[in-house]
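Colleague: Structure file start27.txt (compact mmCIF, C-alpha atoms) right here:
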```
# COMPACT_ATOMS: atom_id res chain seq x y z
CA MET A 1 2.79 102.32 136.73
CA PRO A 2 4.20 104.55 139.50
CA ALA A 3 1.62 106.85 141.01
CA SER A 4 3.83 109.79 140.08
CA LEU A 5 3.67 108.97 136.36
CA ASP A 6 0.10 109.09 135.10
CA THR A 7 -1.10 108.28 131.60
CA ASP A 8 -1.02 111.96 130.61
CA PHE A 9 2.66 112.41 131.40
CA GLN A 10 3.94 112.09 127.83
CA GLU A 11 1.14 114.29 126.55
CA LYS A 12 2.14 116.95 129.08
CA LEU A 13 5.79 116.68 128.07
CA GLU A 14 4.89 117.08 124.40
CA ALA A 15 2.66 120.04 125.23
CA ALA A 16 5.71 121.70 126.82
CA ILE A 17 7.51 121.60 123.45
CA SER A 18 7.14 124.95 121.72
CA SER A 19 4.79 125.03 118.77
CA GLY A 20 5.64 126.49 115.40
CA ALA A 21 7.66 125.49 112.37
CA LYS A 22 9.80 122.35 112.37
CA VAL A 23 13.26 122.24 110.84
CA THR A 24 11.94 119.48 108.57
CA ASP A 25 9.21 121.70 107.15
CA SER A 26 11.64 123.50 104.85
CA HIS A 27 15.27 123.03 105.83
CA LEU A 28 15.92 119.31 106.34
CA GLN A 29 14.50 116.53 104.21
CA VAL A 30 14.18 112.97 105.40
CA VAL A 31 16.01 110.39 103.31
CA GLU A 32 15.03 107.45 105.47
CA ARG A 33 13.87 106.93 109.03
CA ASP A 34 13.63 104.01 111.45
CA ILE A 35 16.47 101.95 110.01
CA VAL A 36 17.01 98.94 112.25
CA VAL A 37 20.65 98.47 113.21
CA ASP A 38 20.96 94.69 113.47
CA GLY A 39 21.97 93.22 116.81
CA THR A 40 21.26 96.45 118.69
CA LYS A 41 18.37 98.52 120.02
CA THR A 42 19.56 101.46 117.92
CA THR A 43 17.39 102.99 115.22
CA ALA A 44 19.14 105.08 112.56
CA HIS A 45 17.71 108.01 110.62
CA CYS A 46 19.05 110.18 107.81
CA TYR A 47 18.21 113.78 106.91
CA ILE A 48 19.78 116.11 104.35
CA PRO A 49 19.71 119.88 103.75
CA THR A 50 17.21 121.00 101.13
CA LEU A 51 17.69 122.74 97.77
CA ASP A 52 15.94 125.81 96.41
CA GLY A 53 13.98 125.92 93.16
CA ASN A 54 17.17 126.42 91.18
CA GLY A 55 18.87 123.39 92.71
CA LYS A 56 21.19 125.31 95.06
CA LEU A 57 21.77 124.30 98.67
CA ARG A 58 19.97 126.23 101.43
CA ILE A 59 22.56 125.86 104.22
CA LYS A 60 22.48 129.52 105.24
CA LEU A 61 18.70 129.38 105.53
CA LEU A 62 19.00 126.26 107.70
CA VAL A 63 21.42 128.09 109.98
CA GLU A 64 19.19 131.15 110.14
CA PHE A 65 16.23 128.95 111.06
CA LEU A 66 18.20 127.68 114.06
CA ARG A 67 19.42 131.16 115.03
CA ASN A 68 15.88 132.49 115.08
CA ARG A 69 14.99 129.84 117.67
CA VAL A 70 17.96 130.38 119.93
CA ILE A 71 15.68 131.44 122.81
CA GLU A 72 13.78 128.14 122.65
CA TYR A 73 17.05 126.24 122.87
CA ALA A 74 19.15 128.16 125.35
CA VAL A 75 16.75 130.01 127.66
CA PRO A 76 15.00 128.29 130.60
CA PRO A 77 11.25 128.02 129.91
CA SER A 78 10.36 129.85 133.12
CA LYS A 79 12.41 132.90 132.06
CA LEU A 80 10.87 132.77 128.61
CA LYS A 81 7.39 132.63 130.14
CA GLN A 82 8.16 135.71 132.24
CA ALA A 83 9.26 137.62 129.13
CA LYS A 84 6.13 136.56 127.23
CA ASP A 85 3.97 137.62 130.17
CA GLU A 86 5.67 141.03 130.15
CA LEU A 87 4.99 141.35 126.43
CA ASN A 88 1.31 140.53 126.96
CA GLU A 89 1.00 142.91 129.89
CA THR A 90 2.97 145.89 128.57
CA GLY A 91 3.07 145.38 124.81
CA SER A 92 6.86 145.81 124.94
CA PRO A 93 9.09 143.07 123.45
CA ALA A 94 12.14 144.40 125.33
CA ALA A 95 12.40 141.43 127.69
CA LEU A 96 12.25 138.96 124.78
CA ALA A 97 14.86 140.96 122.86
CA LYS A 98 17.14 140.89 125.90
CA LEU A 99 16.78 137.12 126.22
CA HIS A 100 17.57 136.68 122.54
CA GLU A 101 20.83 138.60 122.90
CA GLU A 102 21.75 136.74 126.09
CA ALA A 103 21.10 133.43 124.37
CA LYS A 104 23.29 134.33 121.38
CA ARG A 105 26.15 135.37 123.65
CA SER A 106 26.12 131.99 125.40
CA PHE A 107 27.54 130.33 122.27
CA THR A 108 31.27 130.00 121.87
CA SER A 109 33.23 131.83 119.20
CA LEU A 110 35.70 128.96 118.84
CA LYS A 111 36.11 128.10 115.16
CA THR A 112 36.09 124.37 115.94
CA THR A 113 32.82 124.53 117.85
CA GLY A 114 30.33 121.71 117.57
CA GLU A 115 27.50 123.76 119.06
CA GLY A 116 25.75 124.00 115.70
CA GLY A 117 25.38 120.21 115.75
CA GLU A 118 24.07 120.33 119.31
CA PHE A 119 21.47 122.89 118.26
CA LEU A 120 20.47 120.70 115.30
CA LEU A 121 20.12 117.75 117.69
CA PHE A 122 17.72 119.82 119.78
CA ALA A 123 15.65 120.87 116.77
CA LEU A 124 15.16 117.26 115.69
CA ALA A 125 14.83 115.68 119.14
CA GLU A 126 11.95 117.90 120.21
CA LYS A 127 9.91 118.48 117.07
CA GLU A 128 10.60 115.24 115.15
CA PHE A 129 10.99 112.70 117.94
CA LYS A 130 8.80 114.31 120.62
CA LEU A 131 11.55 114.26 123.25
CA LYS A 132 11.37 117.21 125.61
CA GLN A 133 14.65 118.89 126.50
CA ILE A 134 14.96 119.06 130.28
CA LEU A 135 18.59 120.16 130.54
CA CYS A 136 20.48 122.37 128.08
CA LYS A 137 24.22 122.77 128.51
CA MET A 138 24.01 126.38 127.23
CA ARG A 139 22.22 127.38 130.45
CA LEU A 140 25.08 126.04 132.57
CA LYS A 141 28.07 127.60 130.84
CA THR A 142 30.02 130.13 132.87
CA SER A 143 31.91 131.49 129.86
CA SER A 144 31.08 131.74 126.16
CA SER A 145 34.74 131.07 125.37
CA MET A 146 34.56 127.58 126.84
CA HIS A 147 32.62 124.38 126.28
CA TYR A 148 30.52 122.75 128.98
CA HIS A 149 31.88 119.32 129.88
CA GLY A 150 28.90 117.00 130.05
CA ALA A 151 26.09 115.75 127.87
CA ASP A 152 25.12 117.91 124.88
CA GLY A 153 21.57 117.87 126.20
CA VAL A 154 19.20 115.68 128.18
CA TYR A 155 15.72 114.83 126.90
CA ALA A 156 12.79 112.99 128.45
CA ALA A 157 9.89 110.82 127.34
CA GLY A 158 7.42 108.64 129.22
CA ASP A 159 6.08 105.27 128.12
CA GLU A 160 3.01 103.15 128.72
CA GLU A 161 4.83 100.91 131.22
CA GLY A 162 5.54 103.81 133.55
CA TYR A 163 9.21 104.27 132.70
CA LEU A 164 10.91 107.63 132.38
CA ASN A 165 13.16 107.35 129.34
CA LEU A 166 16.05 109.74 129.80
CA PHE A 167 17.84 110.39 126.50
CA TRP A 168 21.42 111.59 126.81
CA GLY A 169 22.28 113.68 123.76
CA GLU A 170 25.59 113.75 121.95
CA SER A 171 26.55 115.29 118.60
CA LYS A 172 29.69 115.43 116.49
CA VAL A 173 30.25 117.45 113.33
CA TYR A 174 33.31 116.10 111.49
CA ALA A 175 34.40 116.04 107.85
CA ASP A 176 34.56 112.23 107.77
CA ALA A 177 31.47 110.12 108.44
CA ASN A 178 33.24 107.26 110.19
CA ASP A 179 35.25 109.63 112.38
CA ALA A 180 32.04 111.39 113.43
CA ILE A 181 30.21 108.13 114.19
CA LYS A 182 33.10 106.72 116.20
CA ALA A 183 33.70 109.90 118.22
CA CYS A 184 30.00 110.44 118.90
CA LEU A 185 29.39 106.96 120.31
CA LYS A 186 32.63 107.03 122.29
CA SER A 187 31.55 110.27 123.96
CA LEU A 188 28.01 109.01 124.60
CA ALA A 189 28.98 105.61 126.03
CA PRO A 190 30.01 106.60 129.59
CA PHE A 191 26.66 108.31 130.21
CA LEU A 192 24.82 105.06 129.52
CA THR A 193 27.15 102.22 130.47
CA GLU A 194 28.46 103.30 133.87
CA GLU A 195 26.46 102.12 136.86
CA LEU A 196 24.52 104.96 138.45
CA GLY A 197 26.30 106.39 141.46
CA GLU A 198 28.21 109.39 142.71
CA ASP A 199 31.29 108.55 140.64
CA ALA A 200 29.45 107.88 137.36
CA GLU A 201 30.07 110.05 134.30
CA ASN A 202 26.43 111.17 134.32
CA ALA A 203 26.33 111.89 138.08
CA ARG A 204 27.01 115.61 137.68
CA ASP A 205 24.36 116.03 135.02
CA ILE A 206 21.80 114.12 137.10
CA LEU A 207 22.61 116.43 140.02
CA LEU A 208 22.15 119.41 137.71
CA LEU A 209 18.85 117.97 136.50
CA ASN A 210 17.66 117.87 140.08
CA GLU A 211 18.71 121.48 140.62
CA TYR A 212 18.14 123.14 137.26
CA SER A 213 15.53 121.20 135.28
CA ASP A 214 13.10 123.86 134.12
CA LEU A 215 9.87 123.12 132.26
CA ALA A 216 7.85 126.06 133.56
CA ASP A 217 5.59 123.36 135.04
CA GLY A 218 6.14 122.50 138.68
CA GLU A 219 4.13 119.28 138.48
CA LEU A 220 6.21 117.89 135.60
CA GLU A 221 9.45 118.89 137.30
CA THR A 222 8.40 117.12 140.51
CA VAL A 223 7.61 113.92 138.64
CA ILE A 224 10.92 113.94 136.80
CA LYS A 225 12.89 114.63 139.96
CA SER A 226 11.24 111.67 141.67
CA PHE A 227 12.78 109.38 139.04
CA LEU A 228 16.17 111.02 139.53
CA SER A 229 16.17 110.57 143.31
CA PRO A 230 17.91 107.25 144.08
CA ASP A 231 15.88 106.70 147.25
CA ASP A 232 12.51 107.21 145.56
CA PRO A 233 10.75 103.99 144.40
CA ALA A 234 10.15 105.66 141.03
CA SER A 235 13.92 105.65 140.39
CA LYS A 236 13.69 101.91 139.66
CA LYS A 237 11.89 102.83 136.47
CA LEU A 238 14.47 105.31 135.20
CA ARG A 239 15.69 104.04 131.83
CA LEU A 240 18.80 105.51 130.22
CA CYS A 241 18.68 105.97 126.43
CA GLY A 242 20.76 107.75 123.81
CA PHE A 243 20.18 110.36 121.12
CA ALA A 244 23.15 110.77 118.80
CA LEU A 245 23.58 113.10 115.84
CA VAL A 246 26.47 113.31 113.41
CA GLY A 247 27.05 115.79 110.61
CA PHE A 248 29.69 115.11 107.97
CA ASP A 249 30.82 115.99 104.46
CA ASP A 250 29.47 114.18 101.42
CA GLU A 251 30.26 114.70 97.74
CA ALA A 252 26.64 114.03 96.75
CA PHE A 253 25.90 117.73 97.22
CA PRO A 254 26.66 120.49 94.73
CA ALA A 255 29.68 122.73 95.30
CA GLU A 256 29.10 126.37 96.18
CA GLY A 257 27.55 128.16 93.21
CA GLU A 258 26.62 124.91 91.48
CA THR A 259 23.25 123.19 91.20
CA ALA A 260 21.92 119.66 91.53
CA ASP A 261 18.73 117.61 91.46
CA ILE A 262 17.39 116.64 94.89
CA ASN A 263 16.26 113.22 93.64
CA ASN A 264 19.78 112.42 92.46
CA ILE A 265 21.19 113.45 95.83
CA ILE A 266 18.68 111.29 97.70
CA SER A 267 19.45 108.33 95.45
CA THR A 268 23.19 108.72 96.08
CA ILE A 269 22.75 109.08 99.82
CA LYS A 270 20.47 106.03 99.98
CA GLY A 271 23.27 104.07 98.34
CA ARG A 272 25.51 104.92 101.31
CA LEU A 273 23.02 104.14 104.08
CA ASP A 274 23.88 100.47 104.44
CA SER A 275 27.56 101.26 104.87
CA TRP A 276 26.82 103.86 107.54
CA LYS A 277 24.39 101.50 109.25
CA GLN A 278 26.99 98.74 109.39
CA TYR A 279 29.58 101.05 110.90
CA ILE A 280 27.11 102.41 113.45
CA GLY A 281 26.36 98.82 114.47
CA LYS A 282 30.07 98.04 114.74
CA ARG A 283 30.75 101.04 116.96
CA VAL A 284 27.62 100.49 119.09
CA ALA A 285 28.91 96.99 119.83
CA ALA A 286 32.45 98.24 120.48
CA GLU A 287 31.18 100.73 123.07
CA ASN A 288 28.91 98.12 124.73
CA LEU A 289 25.77 100.09 123.84
CA SER A 290 23.76 97.32 122.17
CA ILE A 291 21.25 96.98 125.02
CA PHE A 292 20.30 100.66 125.09
CA ASP A 293 17.45 102.26 123.17
CA MET A 294 19.05 104.87 120.92
CA HIS A 295 18.23 107.14 118.03
CA PHE A 296 21.18 107.75 115.72
CA VAL A 297 20.73 110.61 113.24
CA CYS A 298 23.02 111.12 110.23
CA VAL A 299 23.04 114.54 108.53
CA PRO A 300 25.38 114.49 105.52
CA MET A 301 25.98 117.91 103.96
CA ARG A 302 28.29 119.59 101.48
CA SER A 303 30.70 120.97 104.07
CA VAL A 304 30.49 120.88 107.85
CA GLU A 305 33.10 123.64 107.87
CA ASP A 306 30.73 125.89 105.92
CA PHE A 307 27.89 124.98 108.29
CA ARG A 308 30.08 125.82 111.29
CA LYS A 309 31.24 129.11 109.76
CA TYR A 310 27.73 130.24 108.83
CA PHE A 311 26.50 129.27 112.29
CA LEU A 312 29.07 131.47 114.04
CA GLU A 313 28.45 134.35 111.65
CA SER A 314 24.68 134.20 112.06
CA LEU A 315 25.01 134.45 115.85
CA GLY A 316 27.39 137.38 115.53
CA VAL A 317 30.11 135.62 117.53
CA ALA A 318 32.55 134.84 114.70
CA LYS A 319 36.02 136.37 115.15
```
Please lay out the structure from this file as structure tokens.
Modeller:
Amino acid sequence: MPASLDTDFQEKLEAAISSGAKVTDSHLQVVERDIVVDGTKTTAHCYIPTLDGNGKLRIKLLVEFLRNRVIEYAVPPSKLKQAKDELNETGSPAALAKLHEEAKRSFTSLKTTGEGGEFLLFALAEKEFKLKQILCKMRLKTSSSMHYHGADGVYAAGDEEGYLNLFWGESKVYADANDAIKACLKSLAPFLTEELGEDAENARDILLLNEYSDLADGELETVIKSFLSPDDPASKKLRLCGFALVGFDDEAFPAEGETADINNIISTIKGRLDSWKQYIGKRVAAENLSIFDMHFVCVPMRSVEDFRKYFLESLGVAK
């Protein structure tokens, strides 16, 4: 194990993940996890939105849960720490309120935005899979009217063999499941399959990681940067991995104003899992991703268009 990566590294990374409620406590329910995709190193997982006591979907509450954590997602931890310190010292939440507004304004108002899916990826990656976000695209955008061209997020985890597992995140929110799966893996592939170098698809994001990775912990940042430096011996134990999330429409859910039984929805969705798994495996092979460790999360819902619309409205950026 490299001297720079001690046995406490993963524990320190997990400790850097904010505490508090998880999206799976109330707003997403697991249908099945750890589904082996044959012939690959991909593990699939499926979550669905929850229902209330009357059997109605809670999509708006899911969106509001995300909105209320926009600072955790889009604000560098060091800036957040400064605002918390100011609150503790002065009793005034002004700095935190300012950060919250700045974070909301970093999201695009484009009606076709996929940023809600990217935010959902973050919520699951950190709290459910214990992967610490070390680069958020929202912090790098120069305009809220544009999308950042790069990975949807970069996450890190250590392992017992001394490797730094760098998970490149990608999400797609499409009406059709197969379209979402295909597009997601196609977008993710270059970040994993291209040989590391100045001309690689991930080269810019690795450079940004070296410059902008922010964990509010200098020691952790130094360790991570040692793995990202090509001339450091630790870089030989940098392992590229993938974290993919797709949201898509499914008729298993009740229409707006209607009700359903959650057990019936779960039963219906479970009946579709094998088909989704097979197509994920097909597309993983087609994109030459079979050798890479990947998590692939499916989030079927009633309407991704509704999810997108509510997301923009909740942030106050809808036009």
Colleague: Quote the spacing between CA of Pro77 (chain A) and CA of Cys46 (chain A) in Å to one decimal place.
Modeller: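 So the answer is 29.5 Å.
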Colleague: Within 8 Å of (22.3, 116.8, 108.9), all atoms listed in the file: residues as a list in words?
Modeller: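 Answer for this query, in the requested form: Leu28, Cys46, Tyr47, Ile48, Pro49, Leu120, Leu245, Val246, Gly247, Phe248, Val297, Cys298, Val299, Pro300 and Met301 of chain A.
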Colleague: Kindly export the residues of the current selection with C-alpha atoms, as a CSV table (one decimal), in the coordinates of the input.
Modeller:
```
chain,number,residue,atom,x,y,z
A,28,LEU,CA,15.9,119.3,106.3
A,46,CYS,CA,19.0,110.2,107.8
A,47,TYR,CA,18.2,113.8,106.9
A,48,ILE,CA,19.8,116.1,104.4
A,49,PRO,CA,19.7,119.9,103.8
A,120,LEU,CA,20.5,120.7,115.3
A,245,LEU,CA,23.6,113.1,115.8
A,246,VAL,CA,26.5,113.3,113.4
A,247,GLY,CA,27.0,115.8,110.6
A,248,PHE,CA,29.7,115.1,108.0
A,297,VAL,CA,20.7,110.6,113.2
A,298,CYS,CA,23.0,111.1,110.2
A,299,VAL,CA,23.0,114.5,108.5
A,300,PRO,CA,25.4,114.5,105.5
A,301,MET,CA,26.0,117.9,104.0
```
Colleague: Can you work out the spacing between CA of Arg67 (chain A) and CA of Asn263 (chain A) in Å, to one decimal?
Modeller: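 Going from CA of Arg67 (chain A) over to CA of Asn263 (chain A) covers 28.1 Å.
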Colleague: Write out as a list in words the residues lying within 9 Å of Ala216 (chain A), counting all atoms listed in the file and excluding same-chain residues fewer than 4 positions away.
Modeller: Ala16, Pro76, Pro77, Ser78, Lys79, Leu80, Lys81, Leu220 and Glu221 of chain A
Colleague: Output as JSON the centre and edge lengths (Å, one decimal) of the box along x, y and z of the file that holds every listed atom of region 20-32 of chain A after adding 3 Å on each side.
Modeller:
```
{"center_x": 10.8, "center_y": 117.0, "center_z": 109.4, "size_x": 16.4, "size_y": 25.0, "size_z": 18.1}
```
Colleague: With all atoms listed in the file counted, which protein, DNA or RNA residues have an atom no more than 8 Å from (20.8, 100.2, 115.6) in the file frame? Please answer as a list in words.
Modeller: Ile35, Val36, Val37, Asp38, Gly39, Thr40, Lys41, Thr42, Thr43, Ala44, Lys277, Ile280, Gly281, Val284, Ser290, Met294, His295 and Phe296 of chain A
Colleague: Would you please work out which residue, of A:Ala21, A:Phe227, A:Gly55, A:Glu11, is nearest to Ala260 (chain A) when using all atoms listed in the file?
Modeller: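 Using all atoms listed in the file, Ala260 (chain A) sits closest to A:Gly55.
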Colleague: Calculate how many Å separate CA of Tyr73 (chain A) from CA of Ser303 (chain A), rounding to one decimal.
Modeller: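 So the two atoms, CA of Tyr73 (chain A) and CA of Ser303 (chain A), lie 23.8 Å apart.
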Colleague: Could you give me, as an mmCIF file with C-alpha atoms, in the coordinates of the input, the residues within 12 Å of region 57-61 of chain A, counting all atoms listed in the file and dropping anything in the same chain fewer than 6 positions from it?
Modeller:
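Output below, filename result.cif:
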```cif
data_model
loop_
_atom_site.group_PDB
_atom_site.id
_atom_site.type_symbol
_atom_site.label_atom_id
_atom_site.label_comp_id
_atom_site.auth_asym_id
_atom_site.auth_seq_id
_atom_site.Cartn_x
_atom_site.Cartn_y
_atom_site.Cartn_z
ATOM 1 C CA VAL A 23 13.260 122.240 110.840
ATOM 2 C CA SER A 26 11.640 123.500 104.850
ATOM 3 C CA HIS A 27 15.270 123.030 105.830
ATOM 4 C CA LEU A 28 15.920 119.310 106.340
ATOM 5 C CA GLN A 29 14.500 116.530 104.210
ATOM 6 C CA ILE A 48 19.780 116.110 104.350
ATOM 7 C CA PRO A 49 19.710 119.880 103.750
ATOM 8 C CA THR A 50 17.210 121.000 101.130
ATOM 9 C CA LEU A 51 17.690 122.740 97.770
ATOM 10 C CA ARG A 67 19.420 131.160 115.030
ATOM 11 C CA ASN A 68 15.880 132.490 115.080
ATOM 12 C CA ALA A 252 26.640 114.030 96.750
ATOM 13 C CA PHE A 253 25.900 117.730 97.220
ATOM 14 C CA PRO A 254 26.660 120.490 94.730
ATOM 15 C CA ALA A 255 29.680 122.730 95.300
ATOM 16 C CA GLU A 256 29.100 126.370 96.180
ATOM 17 C CA GLY A 257 27.550 128.160 93.210
ATOM 18 C CA GLU A 258 26.620 124.910 91.480
ATOM 19 C CA THR A 259 23.250 123.190 91.200
ATOM 20 C CA ALA A 260 21.920 119.660 91.530
ATOM 21 C CA ASP A 261 18.730 117.610 91.460
ATOM 22 C CA ILE A 262 17.390 116.640 94.890
ATOM 23 C CA ILE A 265 21.190 113.450 95.830
ATOM 24 C CA PRO A 300 25.380 114.490 105.520
ATOM 25 C CA MET A 301 25.980 117.910 103.960
ATOM 26 C CA ARG A 302 28.290 119.590 101.480
ATOM 27 C CA SER A 303 30.700 120.970 104.070
ATOM 28 C CA VAL A 304 30.490 120.880 107.850
ATOM 29 C CA GLU A 305 33.100 123.640 107.870
ATOM 30 C CA ASP A 306 30.730 125.890 105.920
ATOM 31 C CA PHE A 307 27.890 124.980 108.290
ATOM 32 C CA ARG A 308 30.080 125.820 111.290
ATOM 33 C CA LYS A 309 31.240 129.110 109.760
ATOM 34 C CA TYR A 310 27.730 130.240 108.830
ATOM 35 C CA PHE A 311 26.500 129.270 112.290
ATOM 36 C CA LEU A 312 29.070 131.470 114.040
ATOM 37 C CA GLU A 313 28.450 134.350 111.650
ATOM 38 C CA SER A 314 24.680 134.200 112.060
ATOM 39 C CA LEU A 315 25.010 134.450 115.850
#
```
Colleague: As a ChimeraX atom specification, please: the residues near Glu14 (chain A) (cut-off 7 Å, only C-alpha atoms, same-chain neighbours under 4 positions excluded).
Modeller: /A:10,130,132
Colleague: Counting all atoms listed in the file, figure out which residue out of A:Asp159, A:Gly242, A:Leu87, A:Asn165 gets nearest to Asp8 (chain A).
Modeller: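 Counting all atoms listed in the file, the residue closest to Asp8 (chain A) is A:Asp159.
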Colleague: Leaving out Thr193 (chain A) and any residue of its chain fewer than 6 positions from it, which residues lie within 9 Å of it when counting only C-alpha atoms, given as a PDB file with C-alpha atoms, in the coordinates of the input?
Modeller:
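Okay, around-v1.pdb is ready:
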```pdb
ATOM      1  CA  LEU A 240      18.800 105.510 130.220  1.00  0.00           C
ATOM      2  CA  GLU A 287      31.180 100.730 123.070  1.00  0.00           C
ATOM      3  CA  ASN A 288      28.910  98.120 124.730  1.00  0.00           C
ATOM      4  CA  LEU A 289      25.770 100.090 123.840  1.00  0.00           C
ATOM      5  CA  PHE A 292      20.300 100.660 125.090  1.00  0.00           C
TER       6      PHE A 292
END
```
